[in-house]
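K.L.:
Here you go, data_37.cif (mmCIF, C-alpha atoms):
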data_input
loop_
_atom_site.label_atom_id
_atom_site.label_comp_id
_atom_site.auth_asym_id
_atom_site.auth_seq_id
_atom_site.Cartn_x
_atom_site.Cartn_y
_atom_site.Cartn_z
CA MET O 1 -21.05 173.02 65.55
CA SER O 2 -21.33 171.22 62.21
CA ARG O 3 -21.53 174.55 60.41
CA ILE O 4 -18.29 175.72 62.04
CA LEU O 5 -16.50 172.48 61.13
CA THR O 6 -17.83 172.72 57.55
CA THR O 7 -16.53 176.28 57.28
CA ILE O 8 -13.10 175.33 58.61
CA VAL O 9 -12.77 172.28 56.38
CA GLY O 10 -14.06 174.18 53.35
CA THR O 11 -11.58 177.01 53.94
CA LEU O 12 -8.66 174.59 54.22
CA VAL O 13 -9.69 172.73 51.07
CA GLU O 14 -10.05 176.01 49.22
CA ALA O 15 -6.64 177.19 50.39
CA TRP O 16 -5.02 173.91 49.34
CA SER O 17 -6.69 174.17 45.91
CA GLU O 18 -5.22 177.63 45.41
CA VAL O 19 -1.79 176.36 46.44
CA ARG O 20 -2.06 173.59 43.85
CA VAL O 21 -3.11 176.03 41.12
CA HIS O 22 -0.16 178.32 41.80
CA ARG O 23 2.19 175.58 42.83
CA GLY O 24 5.01 176.75 40.55
CA ARG O 25 5.35 180.16 42.14
CA VAL O 26 4.61 178.78 45.61
CA VAL O 27 7.25 176.06 45.42
CA LEU O 28 9.92 178.52 44.30
CA SER O 29 9.08 180.91 47.12
CA LEU O 30 8.96 178.12 49.72
CA VAL O 31 12.40 176.70 48.95
CA GLY O 32 14.00 179.32 51.17
CA VAL O 33 11.45 178.67 53.90
CA THR O 34 12.13 174.93 53.76
CA VAL O 35 15.89 175.43 54.00
CA ALA O 36 15.53 177.93 56.84
CA VAL O 37 13.15 175.71 58.82
CA ALA O 38 15.41 172.70 58.31
CA SER O 39 18.42 174.71 59.51
CA LEU O 40 16.57 176.14 62.48
CA THR O 41 15.20 172.74 63.49
CA ALA O 42 18.58 171.07 63.03
CA VAL O 43 20.28 173.73 65.16
CA THR O 44 17.70 173.35 67.91
CA GLY O 45 18.02 169.58 67.79
CA PHE O 46 21.81 169.83 67.66
CA GLY O 47 21.81 172.01 70.74
CA SER O 48 19.55 169.65 72.66
CA LEU O 49 21.45 166.51 71.63
CA SER O 50 24.89 168.04 72.16
CA SER O 51 23.88 169.17 75.65
CA ALA O 52 22.61 165.65 76.35
CA ALA O 53 25.87 164.17 75.02
CA VAL O 54 28.03 166.51 77.12
CA SER O 55 25.89 165.84 80.20
CA ALA O 56 26.00 162.05 79.70
CA THR O 57 29.77 162.10 79.17
CA ASN O 58 30.32 164.23 82.26
CA GLU O 59 28.10 161.95 84.33
CA ARG O 60 29.95 158.89 83.11
CA TYR O 61 33.37 160.13 84.17
CA ALA O 62 32.69 162.79 86.84
CA GLY O 63 29.41 161.56 88.31
CA ARG O 64 25.81 162.74 88.38
CA PRO O 65 24.80 166.05 89.98
CA ALA O 66 25.72 166.34 92.78
CA THR O 67 28.67 163.96 93.22
CA TYR O 68 31.17 164.67 95.99
CA THR O 69 34.53 163.09 96.72
CA LEU O 70 35.70 162.77 100.32
CA SER O 71 39.43 163.44 100.76
CA VAL O 72 41.04 162.01 103.88
CA ALA O 73 44.65 162.85 104.72
CA GLU O 74 46.81 162.21 107.75
CA LYS O 75 47.12 165.31 109.89
CA SER O 76 50.67 166.58 110.09
CA GLY O 77 52.35 165.60 113.33
CA ALA O 78 49.78 162.90 114.15
CA GLY O 79 52.49 160.25 114.24
CA THR O 80 50.14 157.33 113.58
CA PRO O 81 49.38 156.49 109.91
CA LEU O 82 45.74 156.29 108.93
CA ASP O 83 44.15 152.87 108.78
CA PRO O 84 42.21 152.58 105.47
CA VAL O 85 39.89 150.03 107.05
CA ALA O 86 38.97 152.48 109.83
CA VAL O 87 38.46 155.31 107.35
CA THR O 88 36.22 153.12 105.19
CA ALA O 89 34.17 152.06 108.21
CA ALA O 90 33.76 155.70 109.28
CA PHE O 91 32.67 156.68 105.76
CA ARG O 92 30.10 153.90 105.52
CA ALA O 93 28.73 154.70 108.98
CA ALA O 94 28.34 158.40 108.10
CA THR O 95 26.56 157.75 104.81
CA GLU O 96 24.20 155.25 106.46
CA ARG O 97 23.49 157.73 109.26
CA TYR O 98 22.23 160.32 106.78
CA GLY O 99 20.44 157.82 104.54
CA ILE O 100 22.81 158.25 101.59
CA GLU O 101 22.34 155.09 99.53
CA GLN O 102 24.53 156.07 96.57
CA ALA O 103 27.99 156.01 98.14
CA SER O 104 31.02 154.02 97.04
CA VAL O 105 34.56 153.30 98.15
CA VAL O 106 36.84 153.19 95.09
CA THR O 107 40.26 151.54 95.10
CA GLU O 108 42.47 151.29 92.04
CA GLU O 109 45.22 148.79 91.40
CA GLU O 110 46.58 146.38 88.82
CA ARG O 111 45.69 142.70 89.00
CA ARG O 112 47.03 139.75 87.11
CA VAL O 113 44.53 138.03 84.79
CA GLN O 114 44.96 134.82 82.84
CA PHE O 115 44.27 135.45 79.14
CA PRO O 116 44.50 132.85 76.35
CA SER O 117 47.76 134.51 75.30
CA GLY O 118 49.19 134.55 78.83
CA VAL O 119 49.04 136.51 82.07
CA GLN O 120 48.53 140.28 81.80
CA ARG O 121 48.26 143.07 84.33
CA VAL O 122 44.79 144.66 84.17
CA TYR O 123 43.82 148.03 85.62
CA THR O 124 41.11 147.28 88.18
CA GLN O 125 38.66 149.42 90.12
CA GLU O 126 37.22 147.88 93.27
CA VAL O 127 33.88 149.63 93.85
CA ASP O 128 30.51 149.31 95.57
CA ARG O 129 27.33 148.57 93.64
CA ALA O 130 26.32 152.22 94.01
CA TRP O 131 29.23 153.27 91.77
CA GLY O 132 27.20 152.16 88.75
CA ALA O 133 24.42 154.59 89.72
CA ILE O 134 26.86 157.45 90.33
CA HIS O 135 28.58 156.87 86.97
CA PRO O 136 25.95 155.65 84.44
CA ASN O 137 27.47 153.50 81.70
CA VAL O 138 26.45 151.84 78.45
CA PHE O 139 26.70 148.04 78.28
CA SER O 140 27.69 145.99 75.26
CA ALA O 141 26.48 142.85 77.00
CA GLY O 142 25.36 141.74 80.42
CA ARG O 143 24.67 144.05 83.33
CA TRP O 144 26.07 145.90 86.32
CA PHE O 145 26.48 144.27 89.73
CA SER O 146 23.38 143.22 91.67
CA ALA O 147 22.84 142.46 95.34
CA ALA O 148 23.06 138.74 94.62
CA ASP O 149 26.58 139.19 93.23
CA GLU O 150 27.83 140.06 96.71
CA ARG O 151 27.06 136.48 97.76
CA LEU O 152 28.39 134.54 94.79
CA LEU O 153 30.96 131.84 95.49
CA ALA O 154 32.69 132.91 92.28
CA PRO O 155 33.16 136.69 92.63
CA ALA O 156 31.54 138.76 89.90
CA ILE O 157 33.46 141.16 87.66
CA VAL O 158 32.52 143.62 84.93
CA VAL O 159 35.02 144.09 82.10
CA ASN O 160 35.45 146.58 79.29
CA GLY O 161 35.19 145.76 75.60
CA ALA O 162 38.96 145.48 75.13
CA MET O 163 39.26 142.84 77.85
CA TRP O 164 36.19 140.97 76.57
CA GLU O 165 37.69 140.79 73.07
CA SER O 166 41.06 139.67 74.47
CA LEU O 167 39.24 136.80 76.18
CA GLY O 168 37.61 135.79 72.87
CA THR O 169 34.20 137.50 73.41
CA PRO O 170 32.72 134.61 75.44
CA ASP O 171 28.94 134.34 75.66
CA LEU O 172 27.86 135.68 79.07
CA ALA O 173 24.96 133.23 79.09
CA GLY O 174 27.57 130.50 79.62
CA HIS O 175 28.86 132.21 82.82
CA PRO O 176 32.47 132.63 81.63
CA VAL O 177 35.18 132.79 84.29
CA VAL O 178 38.77 134.01 84.47
CA ASP O 179 41.59 133.54 86.95
CA VAL O 180 42.44 136.76 88.78
CA ALA O 181 45.11 137.53 91.37
CA PRO O 182 46.41 140.74 92.96
CA ASP O 183 49.71 142.07 91.68
CA SER O 184 51.57 140.13 94.33
CA ALA O 185 52.96 136.61 94.15
CA GLN O 186 52.32 135.99 97.84
CA ARG O 187 48.54 136.28 97.55
CA PRO O 188 46.10 133.69 96.17
CA THR O 189 44.46 133.48 92.76
CA THR O 190 40.65 133.61 92.54
CA THR O 191 38.27 132.45 89.83
CA ALA O 192 35.91 135.31 88.88
CA GLN O 193 32.74 135.25 86.79
CA ILE O 194 32.10 137.90 84.11
CA VAL O 195 28.58 139.34 84.45
CA GLY O 196 28.79 142.44 82.23
CA VAL O 197 30.73 144.19 79.49
CA LEU O 198 30.96 147.99 79.51
CA ASP O 199 31.10 149.75 76.17
CA THR O 200 34.08 152.05 76.70
CA GLY O 201 34.46 153.19 73.10
CA SER O 202 36.92 152.55 70.31
CA TYR O 203 39.60 154.70 71.95
CA ASP O 204 39.88 152.44 74.99
CA THR O 205 42.16 149.61 73.83
CA GLN O 206 43.57 148.50 77.18
CA PRO O 207 41.85 145.78 79.27
CA GLN O 208 40.07 147.06 82.35
CA MET O 209 37.75 145.51 84.91
CA TRP O 210 35.58 146.37 87.91
CA THR O 211 34.97 144.23 90.96
CA LEU O 212 32.89 144.56 94.09
CA ALA O 213 34.52 145.78 97.28
CA PRO O 214 34.06 143.31 100.16
CA ARG O 215 31.48 144.43 102.71
CA ALA O 216 30.89 143.19 106.23
CA ASP O 217 27.11 143.45 105.87
CA ALA O 218 27.19 141.15 102.82
CA ASP O 219 29.06 138.52 104.83
CA ALA O 220 26.63 138.84 107.71
CA GLY O 221 23.62 138.28 105.49
CA ALA O 222 25.03 135.37 103.54
CA GLY O 223 23.44 132.76 105.72
CA SER O 224 24.46 130.45 108.53
CA GLY O 225 28.23 130.30 108.44
CA ALA O 226 28.45 130.60 104.68
CA ASP O 227 31.95 131.20 103.37
CA VAL O 228 31.44 134.09 100.96
CA SER O 229 34.36 134.42 98.59
CA ALA O 230 35.48 137.72 97.14
CA LEU O 231 38.27 138.82 94.94
CA PRO O 232 41.28 139.42 97.14
CA GLY O 233 41.24 143.13 97.84
CA PRO O 234 44.11 145.57 98.01
CA ASP O 235 46.62 145.04 100.74
CA ALA O 236 46.04 147.89 103.18
CA SER O 237 49.52 147.52 104.57
CA ALA O 238 51.18 147.74 101.16
CA GLY O 239 53.24 150.82 100.45
CA PRO O 240 53.01 153.13 97.45
CA GLU O 241 55.35 150.87 95.52
CA SER O 242 52.68 148.15 95.49
CA GLY O 243 50.72 150.02 92.83
CA VAL O 244 47.58 150.23 95.00
CA SER O 245 46.05 153.70 95.21
CA PRO O 246 44.61 155.05 98.46
CA PRO O 247 40.83 154.53 98.65
CA ARG O 248 38.63 157.25 97.17
CA TYR O 249 35.24 157.95 98.71
CA GLU O 250 32.38 159.09 96.46
CA LEU O 251 28.78 159.96 97.26
CA TRP O 252 25.88 161.13 95.11
CA ILE O 253 23.45 163.33 97.01
CA PRO O 254 20.54 165.65 96.10
CA THR O 255 21.66 168.94 94.59
CA HIS O 256 19.55 170.99 96.99
CA GLY O 257 21.49 171.32 100.22
CA ALA O 258 24.35 169.18 98.89
CA GLY O 259 27.05 171.43 100.35
CA ARG O 260 25.67 171.23 103.88
CA LEU O 261 25.10 167.48 103.71
CA SER O 262 28.59 166.74 102.38
CA ALA O 263 30.07 168.93 105.11
CA ARG O 264 28.18 166.92 107.75
CA VAL O 265 29.51 163.65 106.34
CA ALA O 266 33.05 165.03 106.43
CA SER O 267 32.57 166.23 110.00
CA ASP O 268 31.28 162.83 111.14
CA VAL O 269 34.19 160.99 109.48
CA ARG O 270 36.66 163.41 111.09
CA ALA O 271 35.08 162.86 114.49
CA SER O 272 35.12 159.06 114.04
CA LEU O 273 38.86 159.17 113.36
CA GLY O 274 39.49 161.04 116.59
CA GLY O 275 40.75 164.19 114.93
CA ALA O 276 43.82 162.40 113.59
CA ALA O 277 42.99 163.30 109.97
CA THR O 278 41.93 166.22 107.85
CA VAL O 279 38.71 165.47 105.96
CA ASP O 280 37.44 167.62 103.12
CA THR O 281 34.82 167.25 100.39
CA SER O 282 34.86 168.55 96.83
CA ARG O 283 32.21 168.44 94.16
CA THR O 284 33.40 166.57 91.06
CA ASP O 285 30.44 166.60 88.67
CA ALA O 286 30.45 169.16 85.85
CA GLN O 287 28.66 172.44 86.49
CA GLY O 288 27.87 175.50 84.39
CA PRO O 289 27.29 175.86 80.62
CA ASP O 290 28.40 173.13 78.23
CA GLY O 291 30.14 175.51 75.79
CA THR O 292 27.80 175.05 72.81
CA GLU O 293 25.67 178.17 73.39
CA SER O 294 27.67 180.57 71.21
CA LEU O 295 27.63 178.18 68.24
CA GLN O 296 23.88 177.65 68.61
CA VAL O 297 23.22 181.40 68.76
CA MET O 298 25.29 182.06 65.63
CA ILE O 299 23.65 179.34 63.51
CA THR O 300 20.19 180.26 64.81
CA ALA O 301 20.73 183.89 63.80
CA VAL O 302 21.68 182.82 60.26
CA SER O 303 18.64 180.51 60.08
CA VAL O 304 16.29 183.28 61.23
CA LEU O 305 17.75 185.62 58.59
CA VAL O 306 17.16 183.02 55.86
CA LEU O 307 13.64 182.49 57.22
CA LEU O 308 12.89 186.23 56.99
CA LEU O 309 14.23 186.37 53.44
CA GLY O 310 11.99 183.45 52.53
CA ALA O 311 9.05 185.28 54.10
CA VAL O 312 9.78 188.40 52.02
CA GLY O 313 9.89 186.32 48.85
CA LEU O 314 6.66 184.58 49.75
CA LEU O 315 5.04 187.96 50.46
CA GLY O 316 5.93 189.23 46.99
CA VAL O 317 4.56 186.13 45.31
CA SER O 318 1.33 186.36 47.33
CA LEU O 319 0.80 190.02 46.45
CA VAL O 320 1.24 189.28 42.73
CA SER O 321 -1.12 186.31 43.04
CA VAL O 322 -3.82 188.45 44.69
CA ARG O 323 -3.48 191.15 42.02
CA GLN O 324 -3.97 188.54 39.30
CA ARG O 325 -7.03 187.13 41.07
CA ILE O 326 -8.93 190.38 41.66
CA ARG O 327 -11.69 189.35 39.22
CA ASP O 328 -12.06 185.95 40.88
CA ILE O 329 -12.18 187.51 44.35
CA GLY O 330 -14.76 190.08 43.23
CA ILE O 331 -17.00 187.39 41.79
CA ARG O 332 -16.83 185.46 45.07
CA ARG O 333 -17.76 188.63 46.95
CA GLY O 334 -20.66 189.11 44.58
CA VAL O 335 -22.11 185.66 45.23
CA GLY O 336 -22.03 186.13 49.00
CA ALA O 337 -18.52 185.47 50.28
CA THR O 338 -17.93 187.60 53.38
CA ALA O 339 -14.82 189.68 54.03
CA PRO O 340 -13.61 187.42 56.92
CA ARG O 341 -13.98 184.37 54.65
CA ILE O 342 -11.87 186.03 51.94
CA PHE O 343 -9.32 187.19 54.52
CA ILE O 344 -8.93 183.73 56.07
CA ALA O 345 -8.81 181.98 52.70
CA VAL O 346 -6.00 184.18 51.35
CA MET O 347 -4.01 183.99 54.58
CA LEU O 348 -4.41 180.22 54.82
CA GLU O 349 -2.96 179.83 51.33
CA ASN O 350 0.37 181.02 52.75
CA VAL O 351 -0.04 179.17 56.04
CA VAL O 352 -0.79 175.85 54.32
CA GLY O 353 2.16 176.31 51.98
CA THR O 354 4.64 177.18 54.73
CA ALA O 355 3.26 174.38 56.92
CA VAL O 356 4.04 171.87 54.18
CA ALA O 357 7.47 173.45 53.69
CA GLY O 358 8.04 173.34 57.45
CA ALA O 359 7.09 169.67 57.65
CA VAL O 360 9.58 168.88 54.89
CA GLY O 361 12.27 170.91 56.67
CA VAL O 362 11.60 169.25 60.03
CA LEU O 363 11.71 165.80 58.43
CA ALA O 364 15.01 166.62 56.70
CA ALA O 365 16.50 167.89 59.97
CA ALA O 366 15.36 164.79 61.88
CA LEU O 367 16.86 162.48 59.24
CA LEU O 368 20.11 164.46 59.28
CA MET O 369 20.45 164.35 63.08
CA GLY O 370 19.62 160.64 63.05
CA LEU O 371 22.58 159.71 60.85
CA PRO O 372 25.15 157.57 62.71
CA VAL O 373 28.02 159.80 61.57
CA VAL O 374 26.30 162.88 63.07
CA ARG O 375 25.52 161.15 66.38
CA ASP O 376 29.09 159.85 66.57
CA ALA O 377 30.34 163.39 66.01
CA LEU O 378 28.12 164.62 68.85
CA THR O 379 29.53 162.04 71.26
CA LEU O 380 33.12 162.22 69.91
CA GLY O 381 33.03 158.45 69.47
CA LEU O 382 32.36 157.83 73.17
CA PRO O 383 29.74 155.23 74.14
CA VAL O 384 27.02 157.62 75.29
CA ALA O 385 23.32 156.85 75.04
CA LEU O 386 21.75 159.80 73.21
CA PRO O 387 18.01 160.51 73.34
CA PRO O 388 15.98 160.51 70.10
CA PHE O 389 15.47 163.67 68.09
CA PRO O 390 13.77 166.12 70.47
CA VAL O 391 10.09 166.79 69.87
CA SER O 392 10.61 170.37 71.05
CA ALA O 393 12.88 171.06 68.06
CA ALA O 394 10.23 169.77 65.65
CA LEU O 395 7.53 171.89 67.32
CA ILE O 396 9.74 174.99 67.14
CA GLY O 397 10.36 174.39 63.44
CA MET O 398 6.66 173.94 62.68
CA ALA O 399 5.70 176.97 64.77
CA CYS O 400 8.22 179.13 62.91
CA SER O 401 7.01 177.96 59.50
CA VAL O 402 3.35 178.59 60.36
CA GLY O 403 4.25 181.98 61.85
CA VAL O 404 6.12 182.99 58.71
CA GLY O 405 3.12 181.93 56.61
CA ALA O 406 0.75 183.99 58.74
CA LEU O 407 2.96 187.09 58.61
CA SER O 408 3.57 186.88 54.88
CA GLY O 409 -0.13 186.28 54.22
CA LEU O 410 -1.39 189.18 56.33
CA VAL O 411 -0.79 191.96 53.77
CA PRO O 412 -2.18 190.03 50.75
CA ALA O 413 -5.24 189.09 52.82
CA LEU O 414 -5.88 192.75 53.67
CA VAL O 415 -5.52 193.67 49.98
CA ALA O 416 -8.00 190.93 49.02
CA VAL O 417 -10.55 192.12 51.58
CA ARG O 418 -10.53 195.64 50.11
CA VAL O 419 -11.39 194.42 46.60
CA ARG O 420 -14.82 195.73 45.54
CA VAL O 421 -17.19 193.96 43.18
CA VAL O 422 -17.31 196.93 40.80
CA ASP O 423 -13.50 197.03 40.57
CA ALA O 424 -13.41 193.31 39.90
CA ILE O 425 -15.88 193.67 37.00
CA ARG O 426 -13.84 196.49 35.47
CA TYR O 427 -10.55 194.63 35.88
#
Do you think you could lay out the structure here as C-alpha cells?
P.N.:
Amino acid sequence: MSRILTTIVGTLVEAWSEVRVHRGRVVLSLVGVTVAVASLTAVTGFGSLSSAAVSATNERYAGRPATYTLSVAEKSGAGTPLDPVAVTAAFRAATERYGIEQASVVTEEERRVQFPSGVQRVYTQEVDRAWGAIHPNVFSAGRWFSAADERLLAPAIVVNGAMWESLGTPDLAGHPVVDVAPDSAQRPTTTAQIVGVLDTGSYDTQPQMWTLAPRADADAGAGSGADVSALPGPDASAGPESGVSPPRYELWIPTHGAGRLSARVASDVRASLGGAATVDTSRTDAQGPDGTESLQVMITAVSVLVLLLGAVGLLGVSLVSVRQRIRDIGIRRGVGATAPRIFIAVMLENVVGTAVAGAVGVLAAALLMGLPVVRDALTLGLPVALPPFPVSAALIGMACSVGVGALSGLVPALVAVRVRVVDAIRY
C-alpha cells in the first residue's frame, strides 16, 4: 500500500515540477481553458440559480406545487344568494375531512389605518396561518403568524416594508400597535399588533397588510369564556360597492394525485351547499419549463467550443514539449522508468495544469455569480431567497477541465512511451 501511495505522490510531484519548468508555454495554453471553464461553470450556475429564482417567485405569488383555488359561484336560477359563511364552513370541513392542513380562506378589502401623517386606506388580505406556507415569503423583520396569535387580545398583523416605513420603522421587540378599522364608518376600530414585516421589494411602494381570518376553533380553544378579539372581518352582507372581494379558497396538496383530491374537495363542498352552487377547482402554481433553457444551451455551446479550442492549443504545446524532452525521457527509460510511469507522468502534466486552470475558472465563476448586482438581476429586484452557488456547477467545471487535460495529454503520452533509449542518445 505504501509503495502505491509513494508512486502516486511521486508522479504528481514530478508532473507539477514539469508544469513549473514549462510554465510559460503552459500558462499561455491554459488561458483559453480557464476562460472556457469559467464560462461553462457560470452558465451552469446561472441556469441553476435562475431556475431557483423563477421557482421561488412563482411560489411566492402563485403558490407551491400543487396549489389549487376553489371557485364557488351561485348556480343560475337558484334564487337564493350564496352565504359566504356557509361556503367557508363547507370548505374547512372538506379540507379537514381529507387531512389537508395547508388550506386558507383569502378575503381582500381596504381598511383604514392610523398613520402618523393621518388615516390611510390600506389593501388588506385576511388569511389563515396556512397561507404563509402556501406562499413562502422573505421577512425583513419579525415572523409570520403563529398559533398563539389566534388568541391574542390585540389581533396580530403582518405588514409590508412600505407600511412599516410609513409607520416610522418601529422596533418589533417593543410590540408596536396601530389602529385599524374596516372601510366603513359604522364598524368599530381595533388596535392591532405588528408581528412581522414582509420584504416585498423596492417596486412595492404602497402600504399593505395581512391579518388572520377569525376561526371558530380558535375561539373554542381560547379557554373558559375568554373573549378573543380579532380584527373586524369583512361584512358578508356588504355589496360589491363595499370594496370587499368574495372569499377565495386555496389549498396546497401533494402533486401526486392532486387532481383527484381537489375534485373530491370540490364535490364535498358542492354537496354541503345542497347543489345550489357550481364548484370548480383550478391549479394556480406555475408548471412547465421556466424559459431559460434556450439561453443556457446557446451559452453552453459557445463555452464547449472555447474549451475544445483550448484543448487543441494545449495539445500542440504538449507535443512540442515532448519532442524537446526526448533525450530526458530516454535517459529516464534507461535508468529503469517503465512505460506506464512515463505515460502517466506526461498525461498528468496536462491534467494538473488544466485542473489548476479549472479551479481558477470555477472560483471566478463563483465570485461572479455571488455579486449582488448579478443576484439582483436574477431575481429582477424581487425579494427572493436564492440558494448559494450550486456545488454541481463547480463539479461540472472541474470535471470538464480534468477531462480536457486527459484528452489533450493522451497523444503526447503515447508519443513519449514510444521513445527508445537509442533514439534519445542520438537526439
K.L.:
I want to know what sits within 12 Å of Ile299 (chain O), based on only C-alpha atoms, with residues of the same chain fewer than 6 positions away left out; could you give that as a PyMOL selection string?
P.N.:
chain O and resi 36+38-44+46-47+292-293+305-306
K.L.:
Return as a list in words the set of residues that the PyMOL selection byres ((chain O and resi 414) around 10) yields on the displayed structure.
P.N.:
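Answer for the PyMOL selection byres ((chain O and resi 414) around 10): Ala339, Pro340, Ile342, Phe343, Ile344, Val346, Met347, Gly409, Leu410, Val411, Pro412, Ala413, Val415, Ala416, Val417, Arg418 and Val419 of chain O.
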K.L.:
Could you tell me which residues the PyMOL selection byres ((chain O and resi 74) around 12) returns for this structure, as number ranges by chain?
P.N.:
O: 71-73, 75-84, 87, 246, 270, 273-280
K.L.:
Measuring atom to atom with only C-alpha atoms, identify which of O:Ala192, O:Leu308, O:Val197, O:Leu172 is nearest to Val33 (chain O).
P.N.:
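Smallest separation from Val33 (chain O) among the options: O:Leu308.
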K.L.:
Which residue is closest to Gly405 (chain O)? Choose from O:Ser282, O:Ser318, O:Gln125, O:Gln120 and count all atoms listed in the file.
P.N.:
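Ranking O:Ser282, O:Ser318, O:Gln125, O:Gln120 by distance to Gly405 (chain O), first place goes to O:Ser318.
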K.L.:
Would you mind reading off the distance between CA of Gly161 (chain O) and CA of Ser202 (chain O), one decimal, in Å?
P.N.:
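Rounded to one decimal, the two atoms are 8.8 Å apart.
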K.L.:
Using all atoms listed in the file for the distances, tell me which of O:Pro214, O:Gly174, O:Gly361, O:Pro372 is nearest to Leu395 (chain O).
P.N.:
O:Gly361
K.L.:
Using the chain letters and numbers from the file, give me the residues hit by the PyMOL selection byres ((chain O and resi 63-68) around 6), as number ranges by chain.
P.N.:
O: 59-62, 69, 134-135, 250-253, 255, 282-285
K.L.:
Taking into account all atoms listed in the file, which residue in the set O:Gln206, O:Ile329, O:Asn160, O:Phe115 is nearest to Val177 (chain O)?
P.N.:
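Smallest separation from Val177 (chain O) among the options: O:Phe115.
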